[in-house]
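*Asks:* My structure file structure_8.cif, mmCIF, C-alpha atoms and all ligand atoms, is below:
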```cif
data_target
loop_
_atom_site.group_PDB
_atom_site.id
_atom_site.type_symbol
_atom_site.label_atom_id
_atom_site.label_comp_id
_atom_site.auth_asym_id
_atom_site.auth_seq_id
_atom_site.Cartn_x
_atom_site.Cartn_y
_atom_site.Cartn_z
ATOM 1 C CA MET A 1 -3.728 147.551 -100.817
ATOM 2 C CA ILE A 2 -5.696 149.447 -103.413
ATOM 3 C CA ARG A 3 -6.992 147.469 -106.409
ATOM 4 C CA THR A 4 -8.690 149.074 -109.381
ATOM 5 C CA ARG A 5 -10.042 147.657 -112.597
ATOM 6 C CA PHE A 6 -10.802 148.510 -116.193
ATOM 7 C CA ALA A 7 -13.766 146.466 -117.397
ATOM 8 C CA PRO A 8 -14.473 146.874 -121.110
ATOM 9 C CA SER A 9 -17.160 144.914 -122.950
ATOM 10 C CA PRO A 10 -15.896 143.371 -126.195
ATOM 11 C CA ASN A 11 -18.826 144.550 -128.278
ATOM 12 C CA GLY A 12 -16.633 146.717 -130.460
ATOM 13 C CA PRO A 13 -13.201 148.343 -130.566
ATOM 14 C CA LEU A 14 -11.899 150.672 -127.870
ATOM 15 C CA HIS A 15 -11.831 154.409 -128.556
ATOM 16 C CA LEU A 16 -10.387 157.435 -126.790
ATOM 17 C CA GLY A 17 -13.083 157.377 -124.077
ATOM 18 C CA HIS A 18 -11.993 153.870 -123.119
ATOM 19 C CA ALA A 19 -8.360 154.972 -123.109
ATOM 20 C CA TYR A 20 -9.282 157.716 -120.635
ATOM 21 C CA ALA A 21 -11.169 155.271 -118.377
ATOM 22 C CA ALA A 22 -8.278 152.805 -118.481
ATOM 23 C CA ILE A 23 -5.786 155.556 -117.591
ATOM 24 C CA VAL A 24 -7.889 156.672 -114.593
ATOM 25 C CA ALA A 25 -7.996 153.108 -113.246
ATOM 26 C CA HIS A 26 -4.356 152.363 -114.034
ATOM 27 C CA ASP A 27 -2.972 155.598 -112.585
ATOM 28 C CA ALA A 28 -5.090 155.430 -109.412
ATOM 29 C CA ALA A 29 -3.554 152.014 -108.714
ATOM 30 C CA ARG A 30 0.001 152.940 -109.665
ATOM 31 C CA GLU A 31 0.036 156.265 -107.761
ATOM 32 C CA ARG A 32 -0.986 154.464 -104.578
ATOM 33 C CA GLY A 33 1.188 151.378 -104.979
ATOM 34 C CA GLY A 34 -1.752 149.126 -105.790
ATOM 35 C CA ALA A 35 -2.825 146.679 -108.463
ATOM 36 C CA PHE A 36 -4.666 147.266 -111.727
ATOM 37 C CA VAL A 37 -6.958 144.482 -112.952
ATOM 38 C CA LEU A 38 -8.204 144.013 -116.513
ATOM 39 C CA ARG A 39 -11.616 142.385 -116.685
ATOM 40 C CA ILE A 40 -13.328 141.493 -119.923
ATOM 41 C CA GLU A 41 -17.106 141.806 -119.538
ATOM 42 C CA ASP A 42 -17.977 139.160 -122.102
ATOM 43 C CA ILE A 43 -21.138 137.452 -120.865
ATOM 44 C CA ASP A 44 -23.122 138.700 -123.798
ATOM 45 C CA GLY A 45 -21.900 135.837 -126.008
ATOM 46 C CA GLU A 46 -23.330 137.071 -129.253
ATOM 47 C CA ARG A 47 -21.488 140.352 -129.218
ATOM 48 C CA SER A 48 -18.268 139.138 -127.647
ATOM 49 C CA ARG A 49 -15.505 138.252 -130.006
ATOM 50 C CA ALA A 50 -12.092 136.806 -129.229
ATOM 51 C CA GLN A 51 -10.528 138.924 -131.957
ATOM 52 C CA VAL A 52 -11.799 142.115 -130.316
ATOM 53 C CA VAL A 53 -10.289 141.075 -126.978
ATOM 54 C CA GLU A 54 -6.896 140.463 -128.622
ATOM 55 C CA GLU A 55 -7.063 144.032 -129.919
ATOM 56 C CA PHE A 56 -7.851 145.301 -126.377
ATOM 57 C CA PHE A 57 -4.636 143.738 -125.109
ATOM 58 C CA LEU A 58 -2.616 145.334 -127.916
ATOM 59 C CA ASP A 59 -4.318 148.720 -127.401
ATOM 60 C CA LEU A 60 -3.543 148.811 -123.671
ATOM 61 C CA GLU A 61 0.084 147.786 -124.213
ATOM 62 C CA TRP A 62 0.382 150.465 -126.902
ATOM 63 C CA LEU A 63 -0.938 153.065 -124.429
ATOM 64 C CA GLY A 64 1.654 151.869 -121.894
ATOM 65 C CA LEU A 65 -0.945 150.503 -119.466
ATOM 66 C CA ALA A 66 0.256 147.206 -117.984
ATOM 67 C CA TRP A 67 -2.261 145.249 -115.927
ATOM 68 C CA ASP A 68 -1.427 142.928 -113.050
ATOM 69 C CA GLY A 69 -1.908 139.181 -113.443
ATOM 70 C CA ASP A 70 -3.935 137.609 -116.223
ATOM 71 C CA ALA A 71 -6.995 139.346 -117.586
ATOM 72 C CA VAL A 72 -10.189 137.939 -116.054
ATOM 73 C CA PHE A 73 -13.224 136.978 -118.133
ATOM 74 C CA GLN A 74 -16.840 137.149 -116.998
ATOM 75 C CA SER A 75 -17.700 134.215 -119.266
ATOM 76 C CA ARG A 76 -15.656 131.944 -116.958
ATOM 77 C CA ARG A 77 -17.695 132.903 -113.898
ATOM 78 C CA LEU A 78 -21.187 131.911 -114.857
ATOM 79 C CA ALA A 79 -21.525 129.466 -111.951
ATOM 80 C CA THR A 80 -20.809 132.269 -109.459
ATOM 81 C CA TYR A 81 -23.580 134.408 -110.930
ATOM 82 C CA ALA A 82 -26.026 131.479 -110.917
ATOM 83 C CA ASP A 83 -25.220 130.711 -107.253
ATOM 84 C CA ALA A 84 -25.844 134.307 -106.200
ATOM 85 C CA GLY A 85 -29.091 134.345 -108.188
ATOM 86 C CA GLU A 86 -30.259 131.206 -106.389
ATOM 87 C CA ARG A 87 -29.334 132.710 -103.049
ATOM 88 C CA LEU A 88 -31.412 135.827 -103.740
ATOM 89 C CA GLN A 89 -34.278 133.634 -104.972
ATOM 90 C CA ALA A 90 -34.113 131.582 -101.769
ATOM 91 C CA MET A 91 -34.316 134.847 -99.797
ATOM 92 C CA GLY A 92 -37.591 135.566 -101.632
ATOM 93 C CA LEU A 93 -36.200 138.746 -103.170
ATOM 94 C CA LEU A 94 -36.548 137.894 -106.874
ATOM 95 C CA TYR A 95 -39.659 137.428 -108.968
ATOM 96 C CA PRO A 96 -40.100 136.257 -112.557
ATOM 97 C CA CYS A 97 -41.171 138.751 -115.187
ATOM 98 C CA THR A 98 -42.260 138.193 -118.777
ATOM 99 C CA CYS A 99 -43.007 141.810 -119.712
ATOM 100 C CA THR A 100 -41.679 142.990 -123.063
ATOM 101 C CA ARG A 101 -39.891 146.309 -123.505
ATOM 102 C CA ALA A 102 -42.953 147.693 -125.284
ATOM 103 C CA GLU A 103 -45.260 146.665 -122.417
ATOM 104 C CA ILE A 104 -42.958 148.312 -119.900
ATOM 105 C CA ALA A 105 -42.701 151.508 -121.931
ATOM 106 C CA ALA A 106 -46.498 151.649 -122.216
ATOM 107 C CA ALA A 107 -47.143 151.030 -118.498
ATOM 108 C CA ALA A 108 -44.243 152.971 -116.948
ATOM 109 C CA LYS A 109 -45.074 156.011 -114.845
ATOM 110 C CA ALA A 110 -41.550 157.238 -114.217
ATOM 111 C CA TRP A 111 -38.251 157.625 -115.995
ATOM 112 C CA GLY A 112 -35.055 156.289 -114.411
ATOM 113 C CA PRO A 113 -31.329 156.214 -115.233
ATOM 114 C CA ASP A 114 -31.834 153.350 -117.717
ATOM 115 C CA GLY A 115 -35.117 154.505 -119.275
ATOM 116 C CA PRO A 116 -38.692 153.753 -118.233
ATOM 117 C CA VAL A 117 -38.906 152.520 -114.641
ATOM 118 C CA TYR A 118 -40.443 149.062 -114.470
ATOM 119 C CA PRO A 119 -43.915 149.584 -112.963
ATOM 120 C CA GLY A 120 -43.941 146.298 -111.017
ATOM 121 C CA THR A 121 -46.460 144.566 -113.281
ATOM 122 C CA CYS A 122 -45.314 140.980 -112.557
ATOM 123 C CA ARG A 123 -44.541 141.501 -108.876
ATOM 124 C CA HIS A 124 -47.846 140.054 -107.749
ATOM 125 C CA ARG A 125 -48.926 137.888 -110.623
ATOM 126 C CA GLU A 126 -48.422 134.273 -111.612
ATOM 127 C CA VAL A 127 -45.744 134.003 -114.287
ATOM 128 C CA ASP A 128 -44.206 130.921 -115.922
ATOM 129 C CA PRO A 129 -40.669 131.113 -114.549
ATOM 130 C CA ALA A 130 -39.297 128.938 -117.367
ATOM 131 C CA ASN A 131 -39.381 131.779 -119.832
ATOM 132 C CA ALA A 132 -38.872 134.750 -117.567
ATOM 133 C CA ALA A 133 -36.271 137.265 -116.478
ATOM 134 C CA TRP A 134 -35.869 137.609 -112.695
ATOM 135 C CA ARG A 135 -36.220 141.010 -111.088
ATOM 136 C CA LEU A 136 -35.071 142.193 -107.700
ATOM 137 C CA ASP A 137 -37.903 143.405 -105.465
ATOM 138 C CA VAL A 138 -36.004 146.554 -104.504
ATOM 139 C CA GLY A 139 -38.525 147.732 -101.895
ATOM 140 C CA LYS A 140 -38.441 144.371 -100.112
ATOM 141 C CA ALA A 141 -34.642 144.248 -100.342
ATOM 142 C CA MET A 142 -34.257 147.747 -98.876
ATOM 143 C CA ALA A 143 -36.645 146.866 -96.058
ATOM 144 C CA LEU A 144 -34.312 143.970 -95.257
ATOM 145 C CA THR A 145 -31.050 145.925 -95.339
ATOM 146 C CA GLY A 146 -32.227 149.277 -93.977
ATOM 147 C CA PRO A 147 -30.624 152.522 -95.238
ATOM 148 C CA LEU A 148 -27.294 152.103 -97.020
ATOM 149 C CA GLU A 149 -24.493 154.475 -97.892
ATOM 150 C CA TRP A 150 -21.612 154.416 -100.311
ATOM 151 C CA ARG A 151 -18.804 156.834 -101.072
ATOM 152 C CA ASP A 152 -17.499 158.343 -104.262
ATOM 153 C CA GLU A 153 -13.992 159.807 -103.917
ATOM 154 C CA ALA A 154 -14.982 162.903 -105.877
ATOM 155 C CA ALA A 155 -18.655 163.351 -104.925
ATOM 156 C CA GLY A 156 -18.410 162.228 -101.292
ATOM 157 C CA PRO A 157 -20.872 160.124 -99.270
ATOM 158 C CA GLN A 158 -24.069 159.051 -101.014
ATOM 159 C CA ALA A 159 -27.288 157.639 -99.593
ATOM 160 C CA ALA A 160 -28.121 154.556 -101.685
ATOM 161 C CA VAL A 161 -31.338 155.072 -103.652
ATOM 162 C CA PRO A 162 -31.635 151.947 -105.826
ATOM 163 C CA GLN A 163 -35.358 152.723 -106.055
ATOM 164 C CA VAL A 164 -34.568 155.166 -108.890
ATOM 165 C CA PHE A 165 -34.177 152.123 -111.177
ATOM 166 C CA GLY A 166 -37.341 150.344 -110.028
ATOM 167 C CA ASP A 167 -37.081 146.540 -109.810
ATOM 168 C CA VAL A 168 -34.020 145.788 -111.945
ATOM 169 C CA VAL A 169 -33.456 142.533 -113.834
ATOM 170 C CA LEU A 170 -30.719 140.463 -112.198
ATOM 171 C CA LEU A 171 -31.062 137.209 -114.159
ATOM 172 C CA ARG A 172 -31.740 137.772 -117.813
ATOM 173 C CA LYS A 173 -33.857 135.483 -119.928
ATOM 174 C CA ASP A 174 -31.101 134.948 -122.450
ATOM 175 C CA LEU A 175 -28.069 135.296 -120.195
ATOM 176 C CA PRO A 176 -26.966 133.972 -116.804
ATOM 177 C CA ALA A 177 -26.743 137.428 -115.201
ATOM 178 C CA SER A 178 -27.349 141.092 -115.797
ATOM 179 C CA TYR A 179 -24.583 143.685 -115.782
ATOM 180 C CA HIS A 180 -25.505 144.731 -112.220
ATOM 181 C CA LEU A 181 -25.189 141.268 -110.711
ATOM 182 C CA ALA A 182 -22.103 140.241 -112.679
ATOM 183 C CA ALA A 183 -20.177 143.471 -112.086
ATOM 184 C CA THR A 184 -20.938 143.476 -108.360
ATOM 185 C CA LEU A 185 -19.864 139.861 -107.899
ATOM 186 C CA ASP A 186 -16.766 140.403 -110.026
ATOM 187 C CA ASP A 187 -15.623 143.484 -108.167
ATOM 188 C CA ALA A 188 -15.841 141.468 -104.953
ATOM 189 C CA GLY A 189 -14.206 138.404 -106.525
ATOM 190 C CA ASP A 190 -11.371 140.481 -107.965
ATOM 191 C CA GLY A 191 -10.800 142.192 -104.603
ATOM 192 C CA ILE A 192 -11.448 145.634 -106.107
ATOM 193 C CA THR A 193 -11.208 148.362 -103.448
ATOM 194 C CA LEU A 194 -11.686 151.368 -105.747
ATOM 195 C CA VAL A 195 -14.238 151.015 -108.556
ATOM 196 C CA THR A 196 -13.372 153.605 -111.192
ATOM 197 C CA ARG A 197 -15.771 154.058 -114.095
ATOM 198 C CA GLY A 198 -17.553 156.748 -116.070
ATOM 199 C CA MET A 199 -20.041 159.169 -114.596
ATOM 200 C CA ASP A 200 -22.731 157.567 -116.792
ATOM 201 C CA LEU A 201 -22.695 154.603 -114.395
ATOM 202 C CA PHE A 202 -22.927 156.704 -111.227
ATOM 203 C CA ALA A 203 -26.506 155.635 -110.458
ATOM 204 C CA ALA A 204 -25.670 151.949 -111.016
ATOM 205 C CA SER A 205 -23.654 152.110 -107.812
ATOM 206 C CA HIS A 206 -26.906 152.476 -105.811
ATOM 207 C CA ILE A 207 -27.922 149.017 -107.034
ATOM 208 C CA HIS A 208 -24.459 147.565 -106.564
ATOM 209 C CA ARG A 209 -24.340 148.808 -102.973
ATOM 210 C CA LEU A 210 -27.671 147.075 -102.293
ATOM 211 C CA LEU A 211 -26.438 143.818 -103.847
ATOM 212 C CA GLN A 212 -23.297 143.975 -101.702
ATOM 213 C CA ALA A 213 -25.440 144.256 -98.582
ATOM 214 C CA LEU A 214 -27.719 141.387 -99.643
ATOM 215 C CA LEU A 215 -24.855 139.069 -100.603
ATOM 216 C CA ASP A 216 -22.484 139.973 -97.738
ATOM 217 C CA LEU A 217 -19.840 141.331 -100.096
ATOM 218 C CA PRO A 218 -17.108 143.829 -99.177
ATOM 219 C CA VAL A 219 -17.913 147.460 -99.977
ATOM 220 C CA PRO A 220 -15.378 149.304 -102.148
ATOM 221 C CA THR A 221 -15.039 153.042 -102.664
ATOM 222 C CA TRP A 222 -16.068 154.406 -106.067
ATOM 223 C CA LEU A 223 -14.605 157.044 -108.337
ATOM 224 C CA HIS A 224 -16.885 158.067 -111.191
ATOM 225 C CA HIS A 225 -14.821 160.023 -113.671
ATOM 226 C CA PRO A 226 -15.865 162.578 -116.302
ATOM 227 C CA LEU A 227 -16.703 161.371 -119.803
ATOM 228 C CA LEU A 228 -15.256 162.383 -123.145
ATOM 229 C CA LEU A 229 -17.961 164.220 -125.040
ATOM 230 C CA GLU A 230 -18.503 164.943 -128.727
ATOM 231 C CA ALA A 231 -19.139 168.515 -129.847
ATOM 232 C CA ASP A 232 -22.911 167.893 -129.517
ATOM 233 C CA GLY A 233 -22.464 167.023 -125.835
ATOM 234 C CA ARG A 234 -23.056 163.322 -126.287
ATOM 235 C CA LYS A 235 -20.701 160.635 -125.023
ATOM 236 C CA LEU A 236 -18.025 159.566 -127.475
ATOM 237 C CA ALA A 237 -19.273 156.428 -129.193
ATOM 238 C CA LYS A 238 -17.936 154.090 -131.784
ATOM 239 C CA ARG A 239 -21.332 153.885 -133.465
ATOM 240 C CA ARG A 240 -21.071 157.610 -134.217
ATOM 241 C CA GLY A 241 -17.682 157.197 -135.777
ATOM 242 C CA ALA A 242 -15.169 157.817 -132.973
ATOM 243 C CA PRO A 243 -11.898 156.424 -134.405
ATOM 244 C CA SER A 244 -10.794 153.214 -132.736
ATOM 245 C CA LEU A 245 -7.521 152.949 -130.865
ATOM 246 C CA ALA A 246 -6.710 149.920 -133.017
ATOM 247 C CA ASP A 247 -6.959 151.982 -136.224
ATOM 248 C CA ARG A 248 -4.764 154.701 -134.782
ATOM 249 C CA ARG A 249 -2.268 152.108 -133.598
ATOM 250 C CA ARG A 250 -2.127 150.492 -137.035
ATOM 251 C CA ALA A 251 -1.753 153.908 -138.648
ATOM 252 C CA GLY A 252 1.504 154.277 -136.740
ATOM 253 C CA GLU A 253 0.466 156.806 -134.087
ATOM 254 C CA ASP A 254 2.334 156.713 -130.791
ATOM 255 C CA GLY A 255 0.145 155.391 -127.953
ATOM 256 C CA ALA A 256 2.393 156.913 -125.283
ATOM 257 C CA VAL A 257 1.862 160.372 -126.793
ATOM 258 C CA ILE A 258 -1.915 159.855 -126.785
ATOM 259 C CA ALA A 259 -1.845 158.667 -123.156
ATOM 260 C CA ARG A 260 0.231 161.677 -122.106
ATOM 261 C CA ALA A 261 -2.166 164.085 -123.827
ATOM 262 C CA LEU A 262 -5.141 162.510 -122.044
ATOM 263 C CA ARG A 263 -3.378 162.738 -118.682
ATOM 264 C CA GLU A 264 -2.656 166.408 -119.302
ATOM 265 C CA GLY A 265 -6.218 167.103 -120.423
ATOM 266 C CA ARG A 266 -5.240 167.881 -124.002
ATOM 267 C CA LEU A 267 -8.082 166.545 -126.138
ATOM 268 C CA PRO A 268 -8.564 166.449 -129.909
ATOM 269 C CA ALA A 269 -10.550 169.290 -131.503
ATOM 270 C CA GLY A 270 -14.282 168.914 -130.934
ATOM 271 C CA ILE A 271 -13.898 166.646 -127.906
ATOM 272 C CA SER A 272 -14.305 167.847 -124.341
ATOM 273 C CA LEU A 273 -14.424 166.383 -120.872
ATOM 274 C CA SER A 274 -17.763 166.475 -119.032
ATOM 275 C CA GLN A 275 -17.605 168.817 -116.058
ATOM 276 C CA GLY A 276 -18.418 168.656 -112.435
ATOM 277 C CA VAL A 277 -19.200 166.126 -109.811
ATOM 278 C CA HIS A 278 -22.417 164.178 -109.785
ATOM 279 C CA HIS A 279 -24.911 164.935 -107.049
ATOM 280 C CA SER A 280 -27.603 162.538 -105.975
ATOM 281 C CA PRO A 281 -31.249 163.298 -106.697
HETATM 282 N N1 LIG B 1 -18.403 147.001 -119.187
HETATM 283 C C1 LIG B 1 -18.803 148.354 -118.996
HETATM 284 C C2 LIG B 1 -18.502 149.173 -120.232
HETATM 285 O O1 LIG B 1 -17.825 148.728 -121.122
HETATM 286 C C3 LIG B 1 -18.136 148.993 -117.795
HETATM 287 C C4 LIG B 1 -18.795 148.588 -116.522
HETATM 288 C C5 LIG B 1 -18.127 149.058 -115.231
HETATM 289 O O2 LIG B 1 -17.039 149.663 -115.275
HETATM 290 O O3 LIG B 1 -18.704 148.791 -114.179
HETATM 291 O O4 LIG B 1 -18.958 150.280 -120.343
#
```
For this file, produce the structure as structure tokens.
*Replies:*
Amino acid sequence: MIRTRFAPSPNGPLHLGHAYAAIVAHDAARERGGAFVLRIEDIDGERSRAQVVEEFFLDLEWLGLAWDGDAVFQSRRLATYADAGERLQAMGLLYPCTCTRAEIAAAAKAWGPDGPVYPGTCRHREVDPANAAWRLDVGKAMALTGPLEWRDEAAGPQAAVPQVFGDVVLLRKDLPASYHLAATLDDAGDGITLVTRGMDLFAASHIHRLLQALLDLPVPTWLHHPLLLEADGRKLAKRRGAPSLADRRRAGEDGAVIARALREGRLPAGISLSQGVHHSP
């Protein structure tokens, strides 16, 4: 049975872009007789607020998007992330790194999906692990797994090229896991068979596919959907003043009308949907 998920981070209120993402996940499950999971990506304790999560629940109900079962919270799964981290460490695939952002920016020779590609500075040097982040040695990991593939429902089969990120951080200094490790373990733990999310996370799936191979996790299919863009072509963002769903709800707007408009591709003035299907480098 198909299982999809919507996985917002409670670092601020939801806006129309989130509503679109939630509708894609919800409708994919409902159209195919599957289940729709709501996962709150709240491991970043400082930014995660219970009040914001309460608003998420109200927003989704207002849009007419019912999820199956109880919402799941990343903050309740820290032991799972730590176990996987230890397993990768025992496989000799992680190394500690104490480089600062500024050091990485200064030494980087390439640009990747998340900014400067980590140049591997700490890969072969002695570092005090007590105060370090742990990076995945992507070259070593790929040598272990051999070539990997994954499939996006819209873009088709993809050869996994996690190398485009360089050696990503899997265990953060301040947190028990990075987004990549937590999301991959959660999708497996939640039995997700179709990972729907925005096109901006397309490249992340290269890393997630590698982690699945290393940790013997099931491999889902992906569907990276278009993004809602502002008039200047940038992704809709609350920090640039996109109105929150909560404000619109409190102002008495009808969530069902908003959801219908999004499904029919009718967007507010100045907002457009990004075009096309992503193609690998
Ligand atoms: N938590 C992420 C966000 O709010 C979504 C991650 C995902 O769907 O994999 O953008």
*Asks:* Residue by residue, what does the PyMOL selection byres (((not hetatm)) within 6 of (chain B and resi 1)) grab here? Present the result as an mmCIF file with C-alpha atoms, in the frame of the given file.
*Replies:*
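What landed in out-v6.cif:
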```
data_model
loop_
_atom_site.group_PDB
_atom_site.id
_atom_site.type_symbol
_atom_site.label_atom_id
_atom_site.label_comp_id
_atom_site.auth_asym_id
_atom_site.auth_seq_id
_atom_site.Cartn_x
_atom_site.Cartn_y
_atom_site.Cartn_z
ATOM 1 C CA ALA A 7 -13.766 146.466 -117.397
ATOM 2 C CA PRO A 8 -14.473 146.874 -121.110
ATOM 3 C CA SER A 9 -17.160 144.914 -122.950
ATOM 4 C CA GLU A 41 -17.106 141.806 -119.538
ATOM 5 C CA ALA A 183 -20.177 143.471 -112.086
ATOM 6 C CA ARG A 197 -15.771 154.058 -114.095
#
```
*Asks:* Calculated over all atoms listed in the file, which of the candidates A:Ala182, A:Ile43, A:Leu14, A:Ala102 has the smallest distance to Gly85 of chain A?
*Replies:*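 Ranked by minimum distance to Gly85 of chain A, first place goes to A:Ala182.
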*Asks:* A:Val117, A:Ala29, A:Met142, A:Val161: which is nearest Ala105 of chain A, counting only C-alpha atoms?
*Replies:* A:Val117
*Asks:* Select, from A:Gly92, A:Gly146, A:Gly33, A:Gly191, the residue with the minimum atom-to-atom distance to Arg5 of chain A, counting only C-alpha atoms.
*Replies:*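 Smallest distance to Arg5 of chain A is found for A:Gly191.
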*Asks:* Which is closer to Leu215 of chain A than all the others in A:Thr80, A:Ser178, A:Thr196, A:Gln163, using only C-alpha atoms?
*Replies:* A:Thr80
*Asks:* Skip Cys122 of chain A itself and residues of its chain fewer than 3 positions away, then list as a list in words all residues within 10 Å of it, counting all atoms listed in the file.
*Replies:*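 Neighbouring residues, sequence-local ones excluded: Tyr95, Pro96, Cys97, Thr98, Cys99, Tyr118, Pro119, Arg125, Glu126, Val127 and Arg135 of chain A.
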*Asks:* Can you write out the residues you just picked, keeping C-alpha atoms, as a PDB file, in the coordinates of the input?
*Replies:*
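Output (selection.pdb):
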```pdb
ATOM      1  CA  TYR A  95     -39.659 137.428-108.968  1.00  0.00           C
ATOM      2  CA  PRO A  96     -40.100 136.257-112.557  1.00  0.00           C
ATOM      3  CA  CYS A  97     -41.171 138.751-115.187  1.00  0.00           C
ATOM      4  CA  THR A  98     -42.260 138.193-118.777  1.00  0.00           C
ATOM      5  CA  CYS A  99     -43.007 141.810-119.712  1.00  0.00           C
ATOM      6  CA  TYR A 118     -40.443 149.062-114.470  1.00  0.00           C
ATOM      7  CA  PRO A 119     -43.915 149.584-112.963  1.00  0.00           C
ATOM      8  CA  ARG A 125     -48.926 137.888-110.623  1.00  0.00           C
ATOM      9  CA  GLU A 126     -48.422 134.273-111.612  1.00  0.00           C
ATOM     10  CA  VAL A 127     -45.744 134.003-114.287  1.00  0.00           C
ATOM     11  CA  ARG A 135     -36.220 141.010-111.088  1.00  0.00           C
TER      12      ARG A 135
END
```
